[in-house]
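Novice: As input, take work36.csv (CSV, C-alpha atoms):
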chain,number,residue,atom,x,y,z
A,1,MET,CA,103.7,111.5,68.9
A,2,GLY,CA,104.2,107.8,69.3
A,3,HIS,CA,104.6,106.0,72.6
A,4,THR,CA,108.2,105.0,71.9
A,5,ASN,CA,109.3,108.7,72.2
A,6,ARG,CA,107.5,109.5,75.4
A,7,CYS,CA,109.9,110.1,78.3
A,8,ASN,CA,107.4,110.0,81.1
A,9,THR,CA,106.0,106.5,80.7
A,10,TRP,CA,106.2,104.2,83.7
A,11,CYS,CA,108.5,101.6,82.0
A,12,PHE,CA,110.8,104.2,80.7
A,13,ARG,CA,111.0,105.9,84.1
A,14,LEU,CA,111.7,102.5,85.7
A,15,LEU,CA,114.6,101.8,83.2
A,16,GLY,CA,115.9,105.4,83.3
A,17,VAL,CA,116.1,105.8,87.0
A,18,MET,CA,117.7,102.4,87.5
A,19,VAL,CA,120.3,103.0,84.7
A,20,ALA,CA,121.1,106.4,86.2
A,21,ALA,CA,121.4,105.0,89.7
A,22,MET,CA,123.8,102.3,88.6
A,23,ALA,CA,126.0,104.5,86.5
A,24,GLY,CA,129.4,104.8,88.2
A,25,VAL,CA,128.4,102.8,91.2
A,26,SER,CA,130.9,100.3,92.6
A,27,ALA,CA,130.0,96.7,93.4
A,28,PRO,CA,127.7,96.5,96.4
A,29,HIS,CA,129.2,96.2,99.8
A,30,ALA,CA,128.2,93.5,102.2
A,31,GLN,CA,124.6,93.8,103.2
A,32,SER,CA,124.0,95.5,106.5
A,33,SER,CA,124.0,93.2,109.5
A,34,GLY,CA,121.3,95.4,110.9
A,35,GLN,CA,118.6,94.2,108.5
A,36,ALA,CA,117.3,91.4,110.8
A,37,GLY,CA,117.3,93.9,113.7
A,38,ASN,CA,115.3,96.4,111.7
A,39,ASP,CA,112.7,93.8,110.8
A,40,ALA,CA,112.2,93.0,114.5
A,41,VAL,CA,111.8,96.8,115.2
A,42,TYR,CA,109.4,97.3,112.3
A,43,MET,CA,107.1,94.4,113.1
A,44,TYR,CA,107.0,94.6,116.9
A,45,LYS,CA,103.5,94.6,118.3
A,46,GLY,CA,104.0,94.3,122.1
A,47,VAL,CA,101.9,96.4,124.5
A,48,ASP,CA,104.9,98.6,125.2
A,49,ARG,CA,105.5,99.3,121.4
A,50,ASP,CA,104.6,103.0,121.3
A,51,GLN,CA,106.6,104.0,124.4
A,52,GLN,CA,109.6,101.8,123.5
A,53,LEU,CA,109.5,103.3,119.9
A,54,ALA,CA,109.5,106.9,121.1
A,55,ASP,CA,112.3,106.3,123.7
A,56,LYS,CA,114.6,104.5,121.3
A,57,ALA,CA,113.9,107.0,118.6
A,58,ARG,CA,115.1,109.8,120.9
A,59,GLU,CA,118.2,107.7,121.6
A,60,GLU,CA,118.9,107.5,117.9
A,61,GLY,CA,118.4,111.3,117.8
A,62,LYS,CA,117.5,111.7,114.1
A,63,LEU,CA,116.1,110.3,110.9
A,64,VAL,CA,116.8,110.9,107.2
A,65,TRP,CA,113.7,111.5,105.0
A,66,TYR,CA,113.8,111.5,101.2
A,67,THR,CA,110.6,112.9,99.6
A,68,SER,CA,109.2,114.7,96.6
A,69,LEU,CA,106.7,116.5,98.7
A,70,ALA,CA,107.0,120.3,98.1
A,71,PRO,CA,109.3,122.1,100.6
A,72,ASN,CA,106.5,124.3,101.9
A,73,GLU,CA,104.7,121.1,102.9
A,74,SER,CA,107.5,118.6,103.8
A,75,ARG,CA,109.3,121.0,106.1
A,76,PRO,CA,106.2,121.8,108.2
A,77,MET,CA,105.5,118.1,108.5
A,78,ALA,CA,109.1,117.5,109.7
A,79,ASP,CA,108.9,120.4,112.1
A,80,ALA,CA,105.6,119.1,113.6
A,81,PHE,CA,107.2,115.7,114.2
A,82,GLU,CA,110.3,117.2,115.7
A,83,LYS,CA,108.2,119.3,118.1
A,84,GLU,CA,106.1,116.2,119.1
A,85,TYR,CA,109.0,113.8,119.7
A,86,GLY,CA,112.3,115.8,119.9
A,87,VAL,CA,113.8,113.7,117.1
A,88,LYS,CA,115.5,115.7,114.3
A,89,VAL,CA,114.5,115.2,110.7
A,90,GLU,CA,117.2,115.5,108.0
A,91,LEU,CA,115.1,116.3,105.0
A,92,TRP,CA,116.2,115.8,101.4
A,93,ARG,CA,113.7,116.9,98.8
A,94,SER,CA,113.7,116.4,95.0
A,95,THR,CA,111.6,115.1,92.2
A,96,SER,CA,110.3,111.6,92.4
A,97,ASP,CA,112.7,110.2,89.8
A,98,LYS,CA,115.7,111.7,91.7
A,99,VAL,CA,114.4,110.2,94.9
A,100,VAL,CA,114.5,106.8,93.2
A,101,GLN,CA,117.9,107.4,91.7
A,102,ARG,CA,119.5,108.4,94.9
A,103,THR,CA,118.0,105.6,97.0
A,104,VAL,CA,118.9,102.9,94.5
A,105,ALA,CA,122.5,104.2,94.0
A,106,GLU,CA,123.1,104.3,97.7
A,107,GLY,CA,121.6,100.9,98.2
A,108,ARG,CA,123.6,99.3,95.5
A,109,ALA,CA,126.8,100.9,96.9
A,110,GLY,CA,126.0,99.7,100.4
A,111,ARG,CA,125.7,103.3,101.7
A,112,HIS,CA,122.6,103.1,103.7
A,113,ALA,CA,121.7,106.6,104.6
A,114,VAL,CA,117.9,107.0,104.1
A,115,ASP,CA,115.4,105.9,106.8
A,116,VAL,CA,112.0,106.9,105.2
A,117,VAL,CA,110.9,107.5,101.6
A,118,GLU,CA,107.8,109.3,100.6
A,119,THR,CA,107.0,109.9,96.9
A,120,ASN,CA,104.7,108.8,94.0
A,121,GLY,CA,103.3,105.3,94.4
A,122,PRO,CA,104.9,104.0,91.1
A,123,GLU,CA,108.4,105.2,92.2
A,124,VAL,CA,108.0,103.6,95.7
A,125,GLU,CA,107.0,100.3,94.0
A,126,MET,CA,110.2,100.5,92.0
A,127,LEU,CA,112.2,100.7,95.2
A,128,ALA,CA,110.2,97.7,96.6
A,129,ARG,CA,111.2,95.7,93.5
A,130,GLU,CA,114.8,96.7,94.2
A,131,LYS,CA,114.4,95.1,97.6
A,132,LEU,CA,115.3,98.3,99.4
A,133,LEU,CA,112.1,98.5,101.6
A,134,SER,CA,110.7,96.5,104.5
A,135,GLU,CA,107.2,95.6,105.7
A,136,PHE,CA,106.3,97.5,108.8
A,137,TYR,CA,103.5,97.4,111.3
A,138,SER,CA,101.7,100.5,112.5
A,139,PRO,CA,98.4,100.7,114.5
A,140,TYR,CA,97.3,103.3,112.0
A,141,LEU,CA,97.3,100.8,109.1
A,142,ALA,CA,93.8,99.9,110.4
A,143,ASP,CA,92.6,103.4,109.5
A,144,LEU,CA,93.5,103.0,105.8
A,145,PRO,CA,91.0,102.1,103.1
A,146,GLU,CA,91.1,99.0,100.9
A,147,GLY,CA,93.9,99.0,98.5
A,148,ALA,CA,96.1,101.5,100.4
A,149,VAL,CA,98.6,98.8,101.4
A,150,SER,CA,100.7,97.4,98.5
A,151,ARG,CA,100.3,93.8,97.6
A,152,ASP,CA,103.7,92.9,98.9
A,153,ARG,CA,103.1,95.0,102.0
A,154,LEU,CA,106.4,96.9,101.5
A,155,TRP,CA,104.8,100.4,101.3
A,156,VAL,CA,101.5,102.1,102.0
A,157,ALA,CA,99.6,105.0,100.6
A,158,ASP,CA,99.8,108.1,102.9
A,159,ARG,CA,98.0,110.6,100.6
A,160,LEU,CA,96.1,110.5,97.3
A,161,GLN,CA,96.1,112.4,94.1
A,162,PHE,CA,92.7,112.4,92.4
A,163,PHE,CA,91.9,112.6,88.7
A,164,VAL,CA,88.9,115.0,88.7
A,165,VAL,CA,87.0,117.1,86.2
A,166,ALA,CA,88.1,120.8,86.4
A,167,TYR,CA,85.8,123.5,85.0
A,168,ASN,CA,85.9,127.2,84.6
A,169,THR,CA,83.2,128.7,86.9
A,170,LYS,CA,82.6,131.7,84.6
A,171,LEU,CA,81.6,129.3,81.8
A,172,PHE,CA,79.8,126.5,83.7
A,173,LYS,CA,78.0,125.9,87.0
A,174,ALA,CA,78.4,122.8,89.1
A,175,GLN,CA,75.0,121.5,88.0
A,176,ASP,CA,76.1,121.6,84.4
A,177,ILE,CA,78.8,118.9,84.9
A,178,PRO,CA,77.7,115.3,84.3
A,179,LYS,CA,77.8,112.9,87.3
A,180,ARG,CA,79.5,110.2,85.2
A,181,TYR,CA,82.1,110.4,82.5
A,182,GLU,CA,79.8,109.0,79.9
A,183,GLY,CA,77.8,112.2,80.1
A,184,PHE,CA,80.7,114.0,78.3
A,185,LEU,CA,79.9,112.0,75.2
A,186,ASP,CA,76.9,114.2,74.5
A,187,PRO,CA,77.7,116.2,71.3
A,188,LYS,CA,77.2,119.5,73.2
A,189,TRP,CA,80.6,118.9,74.8
A,190,LYS,CA,82.5,118.8,71.6
A,191,GLY,CA,85.1,121.6,71.5
A,192,GLN,CA,84.7,122.1,75.3
A,193,ILE,CA,86.8,119.4,76.8
A,194,ALA,CA,90.4,118.5,77.2
A,195,VAL,CA,92.6,115.7,78.6
A,196,GLU,CA,96.2,115.6,79.7
A,197,ALA,CA,98.6,113.9,77.2
A,198,THR,CA,100.0,111.2,79.5
A,199,ASP,CA,97.1,110.0,81.5
A,200,THR,CA,97.3,106.3,80.7
A,201,GLU,CA,96.8,105.3,84.3
A,202,TRP,CA,93.5,107.2,84.4
A,203,MET,CA,92.4,105.4,81.3
A,204,ALA,CA,93.4,102.0,82.6
A,205,ALA,CA,91.6,102.5,86.0
A,206,VAL,CA,88.4,103.8,84.4
A,207,VAL,CA,88.4,100.9,81.9
A,208,LYS,CA,89.0,98.3,84.7
A,209,GLU,CA,86.1,99.9,86.7
A,210,MET,CA,83.7,100.0,83.8
A,211,GLY,CA,84.7,96.6,82.4
A,212,GLU,CA,86.9,96.1,79.3
A,213,GLU,CA,84.2,96.2,76.6
A,214,LYS,CA,82.3,99.1,78.0
A,215,GLY,CA,85.4,101.0,79.1
A,216,MET,CA,87.2,100.8,75.8
A,217,ALA,CA,83.9,101.8,74.0
A,218,PHE,CA,83.8,104.9,76.1
A,219,PHE,CA,87.3,105.9,75.2
A,220,ASP,CA,86.7,105.2,71.5
A,221,LYS,CA,83.8,107.5,71.6
A,222,LEU,CA,85.7,110.1,73.6
A,223,ALA,CA,88.5,110.1,71.1
A,224,ALA,CA,86.1,110.6,68.3
A,225,MET,CA,85.1,113.9,69.9
A,226,LYS,CA,88.7,115.0,69.4
A,227,PRO,CA,89.3,116.6,72.9
A,228,ASP,CA,92.0,119.1,73.3
A,229,VAL,CA,95.2,117.3,74.4
A,230,ARG,CA,97.6,119.3,76.7
A,231,LYS,CA,100.9,118.2,78.2
A,232,GLY,CA,101.3,118.9,81.9
A,233,HIS,CA,98.7,118.8,84.7
A,234,VAL,CA,99.6,122.2,86.1
A,235,LEU,CA,99.3,123.8,82.6
A,236,LEU,CA,96.0,122.1,82.1
A,237,ALA,CA,94.5,123.4,85.3
A,238,GLU,CA,95.9,126.9,84.6
A,239,MET,CA,94.3,126.8,81.1
A,240,VAL,CA,90.9,126.0,82.7
A,241,GLY,CA,91.3,128.9,85.1
A,242,ALA,CA,92.1,131.2,82.2
A,243,GLY,CA,89.1,129.9,80.2
A,244,GLU,CA,91.3,128.7,77.3
A,245,VAL,CA,90.1,125.1,78.2
A,246,PRO,CA,86.5,125.2,79.5
A,247,VAL,CA,86.6,121.7,81.0
A,248,ALA,CA,89.5,119.3,81.7
A,249,LEU,CA,88.5,115.6,82.2
A,250,SER,CA,91.7,114.4,83.9
A,251,ALA,CA,92.9,117.2,86.1
A,252,TYR,CA,94.8,116.7,89.3
A,253,ASN,CA,92.7,117.8,92.3
A,254,SER,CA,95.7,119.4,94.0
A,255,ASN,CA,96.3,121.7,91.1
A,256,VAL,CA,92.7,122.8,91.0
A,257,GLU,CA,92.6,123.4,94.7
A,258,SER,CA,95.8,125.5,94.6
A,259,LEU,CA,94.4,127.7,91.8
A,260,LYS,CA,91.0,127.9,93.6
A,261,ARG,CA,92.7,129.1,96.8
A,262,ARG,CA,94.4,131.8,94.9
A,263,GLY,CA,91.1,133.1,93.5
A,264,ALA,CA,91.1,131.6,90.0
A,265,PRO,CA,87.6,130.9,88.5
A,266,VAL,CA,88.1,127.2,88.6
A,267,ASP,CA,86.5,124.3,90.6
A,268,LEU,CA,86.5,120.6,90.5
A,269,ALA,CA,83.8,117.9,90.2
A,270,PRO,CA,84.2,114.3,91.4
A,271,VAL,CA,82.8,112.8,88.2
A,272,GLN,CA,82.5,109.0,88.6
A,273,PRO,CA,84.5,106.9,88.5
A,274,VAL,CA,87.0,109.1,90.4
A,275,VAL,CA,90.4,107.6,90.2
A,276,GLY,CA,92.9,108.0,93.0
A,277,ARG,CA,96.6,107.6,92.6
A,278,PRO,CA,98.5,106.7,95.8
A,279,GLN,CA,101.5,108.6,97.0
A,280,GLY,CA,103.6,106.1,98.9
A,281,LEU,CA,105.3,105.9,102.3
A,282,ALA,CA,108.0,103.3,103.1
A,283,VAL,CA,110.7,102.6,105.6
A,284,ALA,CA,114.1,101.6,104.3
A,285,ARG,CA,115.2,98.0,104.7
A,286,HIS,CA,118.7,99.0,106.1
A,287,ALA,CA,117.6,102.2,107.8
A,288,PRO,CA,120.3,103.4,110.2
A,289,HIS,CA,117.7,104.9,112.5
A,290,PRO,CA,114.9,102.2,112.4
A,291,HIS,CA,113.0,103.3,115.5
A,292,ALA,CA,112.9,106.9,114.4
A,293,ALA,CA,111.9,105.8,110.9
A,294,LEU,CA,109.0,103.8,112.2
A,295,LEU,CA,107.9,106.5,114.6
A,296,PHE,CA,107.9,109.0,111.7
A,297,ALA,CA,105.8,106.6,109.6
A,298,ASP,CA,103.4,106.3,112.5
A,299,PHE,CA,103.2,110.1,112.8
A,300,ILE,CA,102.5,110.6,109.0
A,301,LEU,CA,99.7,108.0,109.1
A,302,SER,CA,98.2,109.2,112.4
A,303,PRO,CA,95.2,111.6,112.5
A,304,LYS,CA,97.6,114.4,113.4
A,305,GLY,CA,99.9,113.9,110.3
A,306,GLN,CA,96.9,113.2,108.1
A,307,GLY,CA,95.3,116.3,109.4
A,308,LEU,CA,98.3,118.3,108.3
A,309,PHE,CA,98.0,117.0,104.8
A,310,ASN,CA,94.4,118.0,104.8
A,311,LYS,CA,95.3,121.6,105.9
A,312,MET,CA,97.9,121.7,103.1
A,313,GLY,CA,95.2,120.9,100.5
A,314,ARG,CA,96.6,117.4,100.1
A,315,VAL,CA,94.2,114.4,100.2
A,316,PRO,CA,94.6,112.4,103.4
A,317,VAL,CA,94.2,108.7,103.0
A,318,SER,CA,93.1,107.9,106.5
A,319,THR,CA,89.5,107.2,107.1
A,320,LYS,CA,89.8,108.9,110.5
A,321,VAL,CA,90.3,112.4,108.9
A,322,LYS,CA,87.1,113.9,107.4
A,323,SER,CA,87.8,116.1,104.4
A,324,ASN,CA,85.8,117.6,101.6
A,325,LEU,CA,88.8,116.6,99.5
A,326,ASN,CA,87.9,112.9,99.7
A,327,ASP,CA,84.2,113.0,100.6
A,328,PHE,CA,83.1,110.9,97.6
A,329,PRO,CA,83.4,107.3,96.3
A,330,TYR,CA,86.7,106.6,94.5
A,331,ILE,CA,88.8,103.7,93.1
A,332,MET,CA,92.6,103.4,93.5
A,333,VAL,CA,95.1,102.8,90.8
A,334,ASP,CA,96.8,99.4,91.3
A,335,VAL,CA,100.3,100.6,90.9
A,336,ALA,CA,102.0,97.2,90.5
A,337,THR,CA,99.6,96.2,87.8
A,338,MET,CA,100.1,99.5,86.0
A,339,LEU,CA,103.8,99.0,86.0
A,340,ASP,CA,103.4,95.5,84.6
A,341,GLU,CA,100.9,96.6,82.0
A,342,SER,CA,102.3,100.0,81.1
A,343,GLU,CA,103.2,99.3,77.5
A,344,LYS,CA,99.7,98.0,76.8
A,345,TRP,CA,97.9,101.1,78.1
A,346,GLU,CA,100.4,103.5,76.6
A,347,ALA,CA,99.7,101.9,73.1
A,348,LEU,CA,95.9,102.1,73.6
A,349,TRP,CA,96.1,105.7,74.8
A,350,ASP,CA,98.5,106.9,72.1
A,351,LYS,CA,96.4,105.4,69.3
A,352,ARG,CA,93.4,107.3,70.4
A,353,PHE,CA,94.7,110.6,71.6
A,354,LEU,CA,98.2,111.3,70.4
A,355,GLU,CA,98.8,109.6,67.0
A,356,LYS,CA,97.7,111.8,64.1
Transcribe the structure of this file into structure tokens.
Specialist:
Amino acid sequence: MGHTNRCNTWCFRLLGVMVAAMAGVSAPHAQSSGQAGNDAVYMYKGVDRDQQLADKAREEGKLVWYTSLAPNESRPMADAFEKEYGVKVELWRSTSDKVVQRTVAEGRAGRHAVDVVETNGPEVEMLAREKLLSEFYSPYLADLPEGAVSRDRLWVADRLQFFVVAYNTKLFKAQDIPKRYEGFLDPKWKGQIAVEATDTEWMAAVVKEMGEEKGMAFFDKLAAMKPDVRKGHVLLAEMVGAGEVPVALSAYNSNVESLKRRGAPVDLAPVQPVVGRPQGLAVARHAPHPHAALLFADFILSPKGQGLFNKMGRVPVSTKVKSNLNDFPYIMVDVATMLDESEKWEALWDKRFLEK
């Protein structure tokens, strides 16, 4: 399979969602006169900030949240916020590409309905490049690790998805798993390992961490071992649990945790370098309920909101929330760089793992 036919690459997703969003959309209306006022709300740092924000959010009465977070997780997050502040959350949930399509289409048509967006980091970066987001201040930004705030400061990471090694616990013990990825180059692992078919961002981050020469040499040797290549992270984790794939090198931690909680014989190992992909949180540039939007962003980034993510098995990004889900060193995917360099890494990946 060549990279030109892949429908889930970052550049293709960017083009696809923008084309879909623009289809049938009329010429943009005049820009909202409330933008300057929203910026003043978003960046206010006065001593009365928190009280003023809560009071005015209650006056606005509601906020509109677009997210790809699963309903059994997004709804409890919204309910907890409503209980805390008495501000209603109108929740619209769909896949990450649909979140982008809807947000872009509404923005280009001048229909400013959304207040807060929360979805995959690359998709939030797309919205930033469409000039649909605004920088915001929150006291909880100080609790975020390096790299959690985008370079243009238009969105922040609120949770992480880790690439980890998943292994079947009936076939291997924790001490059998190497501490670093280079350990899987030992010939004894041939026929035991698998990778997911689209993990170019994992490859790019590992190479950047190891250094270009050492990193590409690692992936050349890994490719020579002919690992099993499977499409879909959920499927990959399930196959590890079933024993069909003994070890997966690029599994999503959330998939492994979910199977583990349901009693499957699977566990994860944070093999170094662990790569974290940010899930992004942003406030809309023309949000109709800016105070409620910012208050909700505060809530998600606060120890209370981050603690809810932790209870759900999602990886909290805040350094104030202790969790076994992030209690190890990790590096973060640079989303903007990955979008810019996507064709390069797709070609390098496909040559090694997909082209026959």
Novice: Within 8 Å of region 252-255 of chain A, counting all atoms listed in the file, which residues show up once you throw out same-chain ones fewer than 2 positions away? Write them as a list in words, please.
Specialist: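 The contact residues come out as Gln161, Phe162, Phe163, Val164, His233, Val234, Ala237, Ser250, Glu257, Ser258, Leu259, Leu268, Gly313 and Arg314 of chain A.
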Novice: Report, in Å with one decimal, the straight-line distance from CA of Val99 (chain A) to CA of Pro288 (chain A).
Specialist: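 CA of Val99 (chain A) sits 17.8 Å away from CA of Pro288 (chain A).
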Novice: Counting all atoms listed in the file, what is within 8 Å of region 297-302 of chain A, bar same-chain residues fewer than 4 positions away, as a PyMOL selection string?
Specialist: chain A and resi 81+116+138-141+158+281-283+293+306+318
Novice: Restricting the calculation to all atoms listed in the file: of A:Leu132, A:Val117, A:Met203, A:Leu308, which residue gets closest to Ala105 (chain A)?
Specialist: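 Closest candidate: A:Leu132.
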Novice: Nearest residue to Trp65 (chain A) out of A:Leu160, A:Leu235, A:Met77, A:Met210, using all atoms listed in the file?
Specialist: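 Going through A:Leu160, A:Leu235, A:Met77, A:Met210 one by one, the smallest distance to Trp65 (chain A) is for A:Met77.
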Novice: What does the distance from CA of Glu73 (chain A) to CA of Met312 (chain A) come to in Å, to one decimal?
Specialist: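 That distance, rounded to one decimal, is 6.8 Å.
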Novice: Please return as a PyMOL selection string every residue within 12 Å of (111.5, 94.5, 96.0), taking into account all atoms listed in the file and the file's own coordinates.
Specialist: chain A and resi 104+123-135+150-155+282+284-285+336
Novice: Looking at A:Gly307, A:Asp97, A:Arg180, A:Pro273, which one is nearest to Val207 (chain A), with distances taken over only C-alpha atoms?
Specialist: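 Among A:Gly307, A:Asp97, A:Arg180, A:Pro273, it is A:Pro273 that comes nearest to Val207 (chain A).
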Novice: Which one of A:Lys322, A:Lys170, A:Lys45, A:His289 sits closest to Tyr137 (chain A) if you count only C-alpha atoms?
Specialist: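 Once distances to Tyr137 (chain A) are computed over only C-alpha atoms, the minimum belongs to A:Lys45.
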Novice: N, CA and C atoms for region 133-154 of chain A, written as a compact mmCIF listing (two decimals), in the frame of the given file, could you do that?
Specialist:
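Written file, out19.txt:
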# COMPACT_ATOMS: atom_id res chain seq x y z
N LEU A 133 113.13 98.10 100.61
CA LEU A 133 112.10 98.50 101.60
C LEU A 133 111.77 97.28 102.47
N SER A 134 111.12 97.55 103.60
CA SER A 134 110.70 96.50 104.50
C SER A 134 109.22 96.67 104.88
N GLU A 135 108.56 95.57 105.09
CA GLU A 135 107.20 95.60 105.70
C GLU A 135 107.31 96.20 107.06
N PHE A 136 106.30 96.95 107.45
CA PHE A 136 106.30 97.50 108.80
C PHE A 136 104.84 97.42 109.35
N TYR A 137 104.75 97.35 110.67
CA TYR A 137 103.50 97.40 111.30
C TYR A 137 103.26 98.77 111.95
N SER A 138 102.07 99.30 111.83
CA SER A 138 101.70 100.50 112.50
C SER A 138 100.21 100.35 112.93
N PRO A 139 99.84 100.78 114.11
CA PRO A 139 98.40 100.70 114.50
C PRO A 139 97.53 101.52 113.58
N TYR A 140 98.12 102.48 112.86
CA TYR A 140 97.30 103.30 112.00
C TYR A 140 97.03 102.70 110.63
N LEU A 141 97.61 101.54 110.38
CA LEU A 141 97.30 100.80 109.10
C LEU A 141 95.79 100.44 109.14
N ALA A 142 95.23 100.25 110.32
CA ALA A 142 93.80 99.90 110.40
C ALA A 142 92.90 101.00 109.95
N ASP A 143 93.42 102.22 109.87
CA ASP A 143 92.60 103.40 109.50
C ASP A 143 92.62 103.59 107.94
N LEU A 144 93.40 102.78 107.21
CA LEU A 144 93.50 103.00 105.80
C LEU A 144 92.47 102.24 105.00
N PRO A 145 92.04 102.79 103.86
CA PRO A 145 91.00 102.10 103.10
C PRO A 145 91.58 100.95 102.29
N GLU A 146 90.69 100.15 101.74
CA GLU A 146 91.10 99.00 100.90
C GLU A 146 91.98 99.45 99.77
N GLY A 147 93.05 98.72 99.56
CA GLY A 147 93.90 99.00 98.50
C GLY A 147 95.05 100.00 98.82
N ALA A 148 95.08 100.51 100.06
CA ALA A 148 96.10 101.50 100.40
C ALA A 148 97.42 100.84 100.83
N VAL A 149 97.40 99.54 101.10
CA VAL A 149 98.60 98.80 101.40
C VAL A 149 99.02 98.01 100.16
N SER A 150 100.28 98.13 99.74
CA SER A 150 100.70 97.40 98.50
C SER A 150 100.58 95.92 98.69
N ARG A 151 100.49 95.23 97.57
CA ARG A 151 100.30 93.80 97.60
C ARG A 151 101.39 93.05 98.34
N ASP A 152 102.63 93.54 98.21
CA ASP A 152 103.70 92.90 98.90
C ASP A 152 103.93 93.45 100.32
N ARG A 153 103.09 94.43 100.69
CA ARG A 153 103.10 95.00 102.00
C ARG A 153 104.36 95.79 102.34
N LEU A 154 105.10 96.21 101.31
CA LEU A 154 106.40 96.90 101.50
C LEU A 154 106.19 98.43 101.53
